[in-house]
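One file, model26.cif, carrying mmCIF, C-alpha atoms:
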```
data_input
loop_
_atom_site.label_atom_id
_atom_site.label_comp_id
_atom_site.auth_asym_id
_atom_site.auth_seq_id
_atom_site.Cartn_x
_atom_site.Cartn_y
_atom_site.Cartn_z
CA MET A 289 93.20 -4.05 1.38
CA THR A 290 90.72 -5.28 3.96
CA VAL A 291 87.13 -4.14 3.94
CA ASN A 292 85.86 -4.05 7.52
CA SER A 293 82.34 -4.74 8.70
CA GLY A 294 80.13 -1.77 7.85
CA ALA A 295 82.75 -0.25 5.56
CA THR A 296 82.19 0.15 1.82
CA LEU A 297 84.66 -0.14 -1.00
CA ALA A 298 83.01 1.89 -3.74
CA GLY A 299 83.75 3.55 -7.04
CA THR A 300 85.69 2.84 -10.18
CA GLY A 301 89.39 2.56 -10.86
CA THR A 302 91.96 0.02 -9.79
CA VAL A 303 92.87 -1.40 -6.40
CA ASN A 304 96.50 -2.46 -6.54
CA GLY A 305 96.75 -5.63 -4.48
CA THR A 306 94.39 -8.07 -2.88
CA VAL A 307 90.96 -7.20 -1.52
CA ASN A 308 89.73 -9.10 1.50
CA ALA A 309 86.01 -8.71 2.24
CA SER A 310 85.71 -11.84 4.31
CA VAL A 311 84.11 -10.33 7.41
CA ALA A 312 80.35 -10.09 7.75
CA GLY A 313 79.03 -6.69 6.75
CA ALA A 314 81.87 -5.79 4.40
CA ILE A 315 80.39 -4.00 1.39
CA ILE A 316 81.65 -3.57 -2.16
CA SER A 317 79.76 -1.24 -4.47
CA PRO A 318 81.30 -0.65 -7.90
CA GLY A 319 80.48 2.60 -9.65
CA VAL A 320 79.56 5.92 -8.12
CA GLY A 321 76.00 6.97 -8.88
CA ALA A 322 76.21 5.21 -12.20
CA ALA A 323 77.40 1.91 -13.57
CA GLY A 324 81.14 1.38 -13.46
CA THR A 325 83.89 -1.20 -13.23
CA LEU A 326 86.12 -1.73 -10.24
CA TYR A 327 89.44 -3.37 -11.10
CA ILE A 328 91.37 -5.44 -8.57
CA SER A 329 94.92 -6.32 -9.53
CA ASN A 330 95.18 -9.41 -7.30
CA ASN A 331 92.90 -11.84 -5.49
CA LEU A 332 89.41 -10.97 -4.23
CA THR A 333 87.93 -12.78 -1.23
CA LEU A 334 84.24 -12.40 -0.52
CA GLY A 335 83.07 -13.93 2.77
CA SER A 336 79.65 -15.42 3.42
CA GLY A 337 78.55 -12.26 5.20
CA SER A 338 79.86 -9.84 2.59
CA ILE A 339 77.54 -7.67 0.52
CA LEU A 340 77.77 -6.58 -3.10
CA ASN A 341 75.62 -3.66 -4.26
CA PHE A 342 75.28 -3.55 -8.04
CA ASP A 343 73.48 -1.22 -10.45
CA ILE A 344 71.96 -3.19 -13.30
CA GLY A 345 70.79 -1.46 -16.45
CA VAL A 346 71.77 -0.95 -20.06
CA SER A 347 75.23 -0.56 -18.56
CA SER A 348 75.92 -2.45 -15.35
CA ASP A 349 78.44 -2.56 -12.55
CA GLN A 350 81.25 -5.03 -12.78
CA ILE A 351 84.30 -6.17 -10.82
CA ALA A 352 87.31 -7.34 -12.79
CA VAL A 353 89.77 -9.43 -10.80
CA THR A 354 93.26 -10.20 -12.02
CA GLY A 355 93.74 -13.19 -9.79
CA ASN A 356 91.71 -15.71 -7.83
CA LEU A 357 88.11 -15.17 -6.79
CA THR A 358 86.54 -16.54 -3.61
CA LEU A 359 82.84 -16.12 -4.19
CA ASN A 360 80.45 -15.96 -1.24
CA GLY A 361 77.97 -13.47 0.19
CA THR A 362 74.91 -11.62 -1.01
CA ILE A 363 74.35 -9.38 -4.02
CA ASN A 364 71.73 -6.64 -3.99
CA LEU A 365 70.49 -5.46 -7.38
CA SER A 366 69.10 -2.04 -8.23
CA GLY A 367 67.83 -0.66 -11.51
CA VAL A 368 66.53 -3.96 -12.85
CA ALA A 369 63.96 -3.18 -15.53
CA GLY A 370 63.94 -6.21 -17.80
CA ALA A 371 65.24 -9.67 -18.47
CA ALA A 372 68.96 -9.73 -19.08
CA THR A 373 72.15 -11.71 -18.71
CA LYS A 374 75.00 -9.65 -17.28
CA THR A 375 78.61 -10.45 -16.51
CA ILE A 376 79.11 -9.02 -13.03
CA LEU A 377 82.53 -10.42 -12.16
CA THR A 378 85.49 -11.58 -14.16
CA TYR A 379 88.63 -13.28 -12.87
CA THR A 380 91.82 -14.68 -14.35
CA GLY A 381 92.72 -17.28 -11.74
CA THR A 382 90.72 -19.91 -9.90
CA LEU A 383 87.19 -19.77 -8.56
CA THR A 384 86.25 -21.09 -5.13
CA GLY A 385 83.47 -20.49 -2.64
CA SER A 386 79.82 -21.35 -2.23
CA GLY A 387 78.50 -18.72 -4.61
CA LEU A 388 76.41 -15.60 -4.31
CA THR A 389 72.91 -15.35 -2.89
CA ILE A 390 70.47 -12.93 -4.50
CA GLY A 391 69.41 -10.26 -2.03
CA SER A 392 67.13 -7.41 -3.04
CA ILE A 393 65.77 -7.13 -6.58
CA ALA A 394 62.93 -5.16 -8.14
CA SER A 395 59.46 -6.63 -7.74
CA GLY A 396 58.44 -8.78 -10.67
CA TYR A 397 61.90 -10.17 -11.32
CA SER A 398 64.09 -12.96 -10.07
CA ALA A 399 67.73 -13.74 -10.70
CA THR A 400 70.20 -16.58 -10.60
CA ILE A 401 73.99 -16.71 -10.64
CA SER A 402 75.84 -18.79 -13.21
CA THR A 403 79.51 -19.70 -13.08
CA ALA A 404 79.27 -22.10 -16.01
CA THR A 405 81.41 -19.89 -18.24
CA ALA A 406 85.07 -19.95 -17.30
CA ASN A 407 86.43 -16.75 -15.79
CA GLN A 408 83.00 -15.16 -15.57
CA VAL A 409 80.28 -14.83 -12.99
CA ASN A 410 77.06 -14.13 -14.81
CA LEU A 411 73.79 -12.79 -13.50
CA ILE A 412 70.65 -14.08 -15.23
CA ILE A 413 67.59 -11.91 -14.63
CA VAL A 414 64.13 -13.03 -15.65
CA ALA A 415 60.68 -11.57 -15.20
CA THR A 416 58.25 -13.36 -12.93
CA ILE A 417 55.07 -14.33 -14.75
CA THR A 418 51.87 -13.75 -12.80
CA PRO A 419 48.75 -15.49 -14.08
CA VAL A 420 45.90 -13.34 -15.34
CA TRP A 421 43.65 -15.85 -13.64
CA SER A 422 43.59 -19.47 -12.59
CA ALA A 423 40.75 -21.96 -12.22
CA THR A 424 41.00 -24.82 -9.75
CA GLY A 425 39.25 -28.12 -9.11
CA LEU A 426 39.39 -29.50 -12.63
CA GLY A 427 40.79 -32.94 -11.87
CA THR A 428 43.57 -34.47 -13.90
CA ILE A 429 43.24 -32.82 -17.28
CA GLN A 430 43.89 -35.09 -20.24
CA GLY A 431 43.40 -32.73 -23.16
CA GLY A 432 42.15 -29.35 -24.19
CA ALA A 433 40.89 -27.36 -27.15
CA LEU A 434 40.27 -23.68 -27.75
CA THR A 435 37.71 -21.59 -29.54
CA GLU A 436 37.81 -17.81 -29.72
CA SER A 437 36.08 -17.39 -26.39
CA ALA A 438 36.32 -20.64 -24.47
CA ILE A 439 38.62 -23.45 -23.47
CA TYR A 440 37.32 -27.01 -23.33
CA LEU A 441 39.05 -29.45 -21.01
CA GLY A 442 38.63 -33.15 -20.48
CA ALA A 443 39.50 -34.57 -17.08
CA TYR A 444 40.03 -38.28 -16.66
CA SER A 445 39.99 -38.35 -12.88
CA SER A 446 36.61 -36.65 -12.55
CA ASP A 447 35.24 -38.12 -15.80
CA SER A 448 34.10 -34.67 -16.81
CA LEU A 449 34.31 -32.11 -19.56
CA TYR A 450 34.61 -28.47 -18.68
CA CYS A 451 33.99 -25.29 -20.64
CA ARG A 452 35.63 -22.19 -19.22
CA SER A 453 35.67 -18.59 -20.39
CA LEU A 454 38.97 -17.48 -21.88
CA SER A 455 38.54 -13.99 -20.49
CA ASP A 456 38.35 -14.84 -16.79
CA GLY A 457 38.27 -18.62 -16.38
CA SER A 458 34.67 -18.57 -15.18
CA ARG A 459 32.55 -21.67 -15.69
CA LYS A 460 30.36 -21.72 -18.77
CA TRP A 461 29.27 -25.30 -18.25
CA SER A 462 30.55 -28.70 -17.22
CA TYR A 463 29.46 -32.14 -18.28
CA TYR A 464 29.83 -35.45 -16.51
CA THR A 465 30.60 -38.13 -19.08
CA GLY A 466 29.81 -41.18 -16.98
CA ASN A 467 26.47 -42.86 -16.37
CA SER A 468 24.68 -39.79 -15.15
CA VAL A 469 24.63 -36.11 -15.95
CA SER A 470 25.26 -33.78 -13.05
CA SER A 471 22.81 -31.25 -14.39
CA ALA A 472 20.99 -31.14 -17.69
CA ALA A 473 21.12 -27.38 -17.56
CA GLU A 474 24.89 -27.48 -17.50
CA ARG A 475 25.34 -28.30 -21.16
CA PRO A 476 24.15 -26.80 -24.42
CA PRO A 477 21.24 -28.95 -25.64
CA THR A 478 22.70 -29.46 -29.08
CA ILE A 479 25.60 -31.50 -27.81
CA THR A 480 23.82 -34.66 -26.65
CA SER A 481 21.67 -34.91 -29.74
CA ALA A 482 24.46 -34.16 -32.16
CA GLN A 483 27.29 -36.04 -30.52
CA PRO A 484 26.89 -38.82 -27.96
CA ILE A 485 29.46 -38.56 -25.22
CA PRO A 486 31.48 -41.76 -24.87
CA SER A 487 31.57 -43.48 -21.52
CA SER A 488 35.03 -44.80 -22.23
CA HIS A 489 37.86 -43.36 -20.18
CA GLN A 490 40.35 -43.75 -22.95
CA LYS A 491 42.35 -40.63 -23.51
CA GLY A 492 42.05 -40.73 -27.30
CA THR A 493 38.29 -41.10 -27.20
CA MET A 494 37.95 -38.43 -24.58
CA PHE A 495 40.07 -36.02 -26.55
CA SER A 496 38.20 -36.69 -29.81
CA ALA A 497 34.94 -35.99 -28.03
CA LEU A 498 36.45 -32.85 -26.58
CA LEU A 499 37.41 -31.49 -29.97
CA THR A 500 33.99 -32.34 -31.38
CA MET A 501 32.30 -30.64 -28.46
CA ALA A 502 34.42 -27.56 -28.95
CA GLU A 503 33.42 -27.37 -32.58
CA ILE A 504 29.74 -27.92 -31.84
CA ALA A 505 29.72 -25.46 -28.99
CA HIS A 506 31.44 -22.86 -31.12
CA LYS A 507 28.79 -23.22 -33.82
CA TYR A 508 26.08 -23.16 -31.15
CA LEU A 509 27.44 -19.94 -29.68
CA GLN A 510 27.68 -18.38 -33.12
CA ARG A 511 23.96 -19.00 -33.68
CA ILE A 512 22.77 -17.36 -30.49
CA MET B 1287 71.04 -42.30 -20.80
CA THR B 1288 68.63 -42.36 -23.72
CA ALA B 1289 67.11 -38.99 -24.55
CA THR B 1290 63.44 -38.51 -25.32
CA ALA B 1291 62.38 -35.87 -27.81
CA GLY B 1292 58.98 -34.24 -28.15
CA ASN B 1293 57.16 -32.87 -31.15
CA PRO B 1294 59.12 -30.17 -32.99
CA PHE B 1295 57.76 -26.67 -33.49
CA ILE B 1296 58.60 -25.16 -36.87
CA CYS B 1297 59.89 -21.60 -36.46
CA THR B 1298 58.20 -18.83 -38.40
CA ASP B 1299 61.34 -18.36 -40.49
CA ASN B 1300 60.74 -21.83 -41.98
CA THR B 1301 64.46 -22.42 -41.54
CA ASN B 1302 64.69 -23.90 -38.07
CA PHE B 1303 62.63 -25.87 -35.60
CA LEU B 1304 62.53 -26.04 -31.82
CA VAL B 1305 62.36 -29.30 -29.94
CA ALA B 1306 62.38 -30.36 -26.30
CA SER B 1307 64.48 -33.38 -25.47
CA THR B 1308 65.63 -34.79 -22.17
CA GLY B 1309 67.23 -31.90 -20.30
CA ASN B 1310 67.52 -29.62 -23.32
CA LEU B 1311 65.70 -27.18 -25.56
CA SER B 1312 67.27 -27.09 -28.99
CA LYS B 1313 66.89 -24.99 -32.09
CA ARG B 1314 67.88 -26.98 -35.15
CA SER B 1315 68.11 -26.53 -38.87
CA LEU B 1316 65.21 -27.90 -40.90
CA ALA B 1317 67.58 -28.62 -43.76
CA SER B 1318 70.23 -30.57 -41.91
CA GLY B 1319 69.07 -31.11 -38.34
CA ALA B 1320 72.23 -29.42 -37.13
CA SER B 1321 72.01 -27.62 -33.81
CA VAL B 1322 71.76 -23.84 -34.03
CA TYR B 1323 71.34 -23.25 -30.32
CA SER B 1324 70.86 -25.58 -27.40
CA VAL B 1325 70.27 -24.72 -23.77
CA ALA B 1326 69.92 -26.92 -20.74
CA VAL B 1327 66.45 -26.82 -19.19
CA SER B 1328 66.17 -28.89 -16.05
CA ASN B 1329 63.21 -31.29 -16.10
CA ILE B 1330 61.90 -29.99 -19.42
CA SER B 1331 58.69 -31.71 -20.47
CA THR B 1332 58.93 -33.57 -23.75
CA THR B 1333 55.16 -33.90 -24.03
CA ALA B 1334 54.24 -30.25 -23.43
CA ASP B 1335 55.76 -29.24 -26.72
CA PRO B 1336 57.35 -25.80 -27.11
CA VAL B 1337 55.12 -23.01 -28.40
CA VAL B 1338 56.38 -19.90 -30.20
CA ALA B 1339 54.61 -16.54 -30.15
CA SER B 1340 55.98 -13.11 -31.09
CA ASP B 1341 59.59 -14.23 -31.26
CA TYR B 1342 59.49 -15.96 -27.88
CA VAL B 1343 59.34 -19.66 -27.11
CA TYR B 1344 57.51 -21.12 -24.13
CA VAL B 1345 58.46 -24.46 -22.60
CA ALA B 1346 57.16 -26.31 -19.57
CA THR B 1347 58.74 -28.68 -17.10
CA THR B 1348 57.77 -31.77 -15.19
CA ASP B 1349 58.28 -29.95 -11.90
CA GLY B 1350 55.93 -27.00 -12.31
CA TYR B 1351 57.67 -24.31 -14.29
CA VAL B 1352 56.95 -22.49 -17.56
CA TYR B 1353 59.90 -20.70 -19.09
CA LYS B 1354 59.81 -17.93 -21.67
CA LYS B 1355 62.92 -17.67 -23.82
CA ASP B 1356 63.99 -15.61 -26.78
CA ALA B 1357 63.21 -17.77 -29.81
CA GLY B 1358 66.29 -16.42 -31.56
CA ASP B 1359 69.06 -17.37 -29.16
CA LEU B 1360 67.08 -19.12 -26.38
CA THR B 1361 68.19 -16.66 -23.69
CA PRO B 1362 65.92 -16.65 -20.63
CA ILE B 1363 63.26 -13.94 -20.45
CA ALA B 1364 60.70 -14.93 -17.83
CA THR B 1365 59.61 -17.69 -15.49
CA PHE B 1366 56.25 -18.86 -14.16
CA GLY B 1367 56.36 -21.05 -11.09
CA GLN B 1368 57.36 -23.09 -9.34
CA ILE B 1369 53.70 -24.06 -8.98
CA SER B 1370 52.83 -25.27 -5.51
CA GLY B 1371 53.32 -29.01 -5.27
CA ALA B 1372 55.62 -29.02 -8.29
CA PRO B 1373 53.05 -30.64 -10.59
CA SER B 1374 54.15 -32.06 -13.90
CA ILE B 1375 53.08 -30.19 -17.02
CA ASN B 1376 52.53 -32.89 -19.60
CA LEU B 1377 49.95 -31.41 -21.95
CA PRO B 1378 50.74 -29.07 -24.83
CA LEU B 1379 50.57 -25.38 -23.99
CA LEU B 1380 47.55 -23.70 -25.60
CA LEU B 1381 47.93 -20.26 -27.13
CA SER B 1382 45.11 -17.85 -27.89
CA GLY B 1383 45.60 -14.16 -28.60
CA THR B 1384 47.83 -12.71 -25.93
CA THR B 1385 47.38 -15.49 -23.40
CA LEU B 1386 49.02 -18.85 -22.84
CA TYR B 1387 46.90 -21.53 -21.15
CA VAL B 1388 48.72 -24.07 -19.02
CA THR B 1389 47.23 -27.22 -17.50
CA PRO B 1390 49.51 -29.00 -15.04
CA ASN B 1391 48.29 -32.20 -13.44
CA ASN B 1392 47.09 -30.44 -10.29
CA GLY B 1393 43.56 -29.75 -11.49
CA THR B 1394 44.20 -26.08 -12.17
CA LEU B 1395 44.07 -24.09 -15.38
CA TYR B 1396 46.40 -21.09 -15.53
CA ALA B 1397 46.09 -18.16 -17.95
CA LEU B 1398 49.48 -16.52 -18.42
CA PRO B 1399 49.94 -13.13 -20.11
CA LEU B 1400 52.42 -13.04 -22.97
CA SER B 1401 53.10 -9.33 -22.72
CA THR B 1402 54.41 -9.03 -19.18
CA MET B 1403 58.02 -9.61 -19.90
CA THR B 1404 60.64 -7.53 -21.67
CA ARG B 1405 64.27 -7.95 -22.52
CA GLN B 1406 66.83 -5.49 -21.29
CA ILE B 1407 69.43 -4.42 -23.82
CA GLY B 1408 73.08 -4.25 -22.97
CA PRO B 1409 76.06 -6.42 -22.09
#
```

The structure in this file should be written as structure tokens.
Amino acid sequence: MTVNSGATLAGTGTVNGTVNASVAGAIISPGVGAAGTLYISNNLTLGSGSILNFDIGVSSDQIAVTGNLTLNGTINLSGVAGAATKTILTYTGTLTGSGLTIGSIASGYSATISTATANQVNLIIVATITPVWSATGLGTIQGGALTESAIYLGAYSSDSLYCRSLSDGSRKWSYYTGNSVSSAAERPPTITSAQPIPSSHQKGTMFSALLTMAEIAHKYLQRI
Amino acid sequence: MTATAGNPFICTDNTNFLVASTGNLSKRSLASGASVYSVAVSNISTTADPVVASDYVYVATTDGYVYKKDAGDLTPIATFGQISGAPSINLPLLLSGTTLYVTPNNGTLYALPLSTMTRQIGP
């Protein structure tokens, strides 16, 4: 059977013989309105311009090939609602081709194709993590410590310590640890009297100071 | 090639631990060190040690990714990145409440939500 450009081979059941979808625009869509498996009793050839349309859910579409698989083209995914690993194609013979490209997929997800398992083509779907917030311009950070409401970061490149809000990343204060202080108002007054800030750039010293500052600042914030 | 391993993270079951080593994230038995699960993670950072929260493990890479995996069988759940410029993530990931704080070497602090991602059931 040859699938022509613009034509669609759809549904479940078995195709007796080879399926050739090597021309651009040839479409294969297993299942009809719901997930289903399309069986092909001989070789399947997917060209670089071919298109697979798959439903992915608790049950997912699949193509089972009894023969060789030539894997090229694009796969469009519908129904994706969570991270999952799905077997989308199986074959009994040899695998050739350049592999599938991911076409459309629900927003918030991405997918990759794995052929690492023999006789299977697996689809690995993961969610895309979007930051709640991000804070830039902090230099090369060497260490960090947390309290319940703030994160304290030491940056070697800018010779500074930063205190940022955990809720939105906004600046609580920053402190230059070198020979001068950028602004006396930028640090809680208890810190300099209670704990001298080392001028050394050594990571260990910087990090120790950072932890001490986090503890002091936490106590300071608890008092006010 | 000699592998480098990071600091292990003891799983909440007190039976296994997770460790990042060159190219791999492994779950191993505390009693014997035997591998329970191991998955390849390209460019995994061995200094940004894995962190476990609510049955998921978070690992970072030296080319700007954070991966969320099921702590049970290490299957992939979610991905953050690739961060622009592919900065290395060398520092341990910091966890507070429902947020993971990540500090790559690009001068930026990222706050990542733990709750965004779900796992879809089924074959």

> How would you write, as a PyMOL selection string, the residues chosen by the PyMOL selection byres ((chain A and resi 374) around 6) on this structure?
Replying inline: (chain A and resi 373+375-376+410-411) or (chain B and resi 1409)

> For chain B, which residue out of A:Tyr397, A:Tyr379, A:Tyr327, A:Phe342 is the nearest one, using all atoms listed in the file?
Replying inline: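 For chain B, the nearest of the candidates is A:Tyr397.
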
> So what does the PyMOL selection byres ((chain B) within 10 of (chain A)) actually pick up in this one, as a ChimeraX atom specification?
Replying inline: /B:1352-1355,1361-1367,1376-1383,1385-1409

> Just how far from CA of Asn356 (chain A) is CA of Thr306 (chain A), in Å to one decimal?
Replying inline: 9.5 Å

> List as a VMD selection string: which residues have an atom within 9 Å of (73.4, -10.8, -3.7), counting only C-alpha atoms?
Replying inline: chain A and resid 339 to 342 361 to 365 388 to 393

Please rebuild region 395-414 of chain A with N, CA and C atoms and give the result as a compact mmCIF listing (two decimals), in the frame of the given file.
```txt
# COMPACT_ATOMS: atom_id res chain seq x y z
N SER A 395 60.64 -5.77 -7.71
CA SER A 395 59.46 -6.63 -7.74
C SER A 395 59.14 -7.04 -9.18
N GLY A 396 58.78 -8.28 -9.33
CA GLY A 396 58.44 -8.78 -10.67
C GLY A 396 59.59 -9.44 -11.38
N TYR A 397 60.72 -9.54 -10.71
CA TYR A 397 61.90 -10.17 -11.32
C TYR A 397 62.54 -11.14 -10.33
N SER A 398 63.26 -12.08 -10.88
CA SER A 398 64.09 -12.96 -10.07
C SER A 398 65.41 -13.13 -10.80
N ALA A 399 66.40 -13.63 -10.10
CA ALA A 399 67.73 -13.74 -10.70
C ALA A 399 68.43 -14.98 -10.19
N THR A 400 69.34 -15.48 -10.99
CA THR A 400 70.20 -16.58 -10.60
C THR A 400 71.63 -16.24 -10.99
N ILE A 401 72.57 -16.90 -10.34
CA ILE A 401 73.99 -16.71 -10.64
C ILE A 401 74.50 -17.93 -11.39
N SER A 402 75.24 -17.69 -12.45
CA SER A 402 75.84 -18.79 -13.21
C SER A 402 77.35 -18.61 -13.26
N THR A 403 78.06 -19.69 -12.94
CA THR A 403 79.51 -19.70 -13.08
C THR A 403 79.93 -20.74 -14.12
N ALA A 404 79.01 -21.05 -15.01
CA ALA A 404 79.27 -22.10 -16.01
C ALA A 404 80.32 -21.67 -17.03
N THR A 405 80.40 -20.39 -17.29
CA THR A 405 81.41 -19.89 -18.24
C THR A 405 82.70 -19.59 -17.49
N ALA A 406 83.78 -20.14 -17.97
CA ALA A 406 85.07 -19.95 -17.30
C ALA A 406 85.42 -18.48 -17.19
N ASN A 407 85.93 -18.10 -16.03
CA ASN A 407 86.43 -16.75 -15.79
C ASN A 407 85.34 -15.68 -15.77
N GLN A 408 84.10 -16.12 -15.65
CA GLN A 408 83.00 -15.16 -15.57
C GLN A 408 82.00 -15.58 -14.49
N VAL A 409 81.44 -14.60 -13.84
CA VAL A 409 80.28 -14.83 -12.99
C VAL A 409 79.14 -14.04 -13.62
N ASN A 410 78.15 -14.76 -14.07
CA ASN A 410 77.06 -14.13 -14.81
C ASN A 410 75.78 -14.08 -13.98
N LEU A 411 75.06 -13.01 -14.17
CA LEU A 411 73.79 -12.79 -13.50
C LEU A 411 72.68 -12.94 -14.54
N ILE A 412 71.75 -13.84 -14.29
CA ILE A 412 70.65 -14.08 -15.23
C ILE A 412 69.36 -13.57 -14.59
N ILE A 413 68.80 -12.54 -15.18
CA ILE A 413 67.59 -11.91 -14.63
C ILE A 413 66.41 -12.28 -15.52
N VAL A 414 65.35 -12.74 -14.90
CA VAL A 414 64.13 -13.03 -15.65
C VAL A 414 62.95 -12.37 -14.96
```
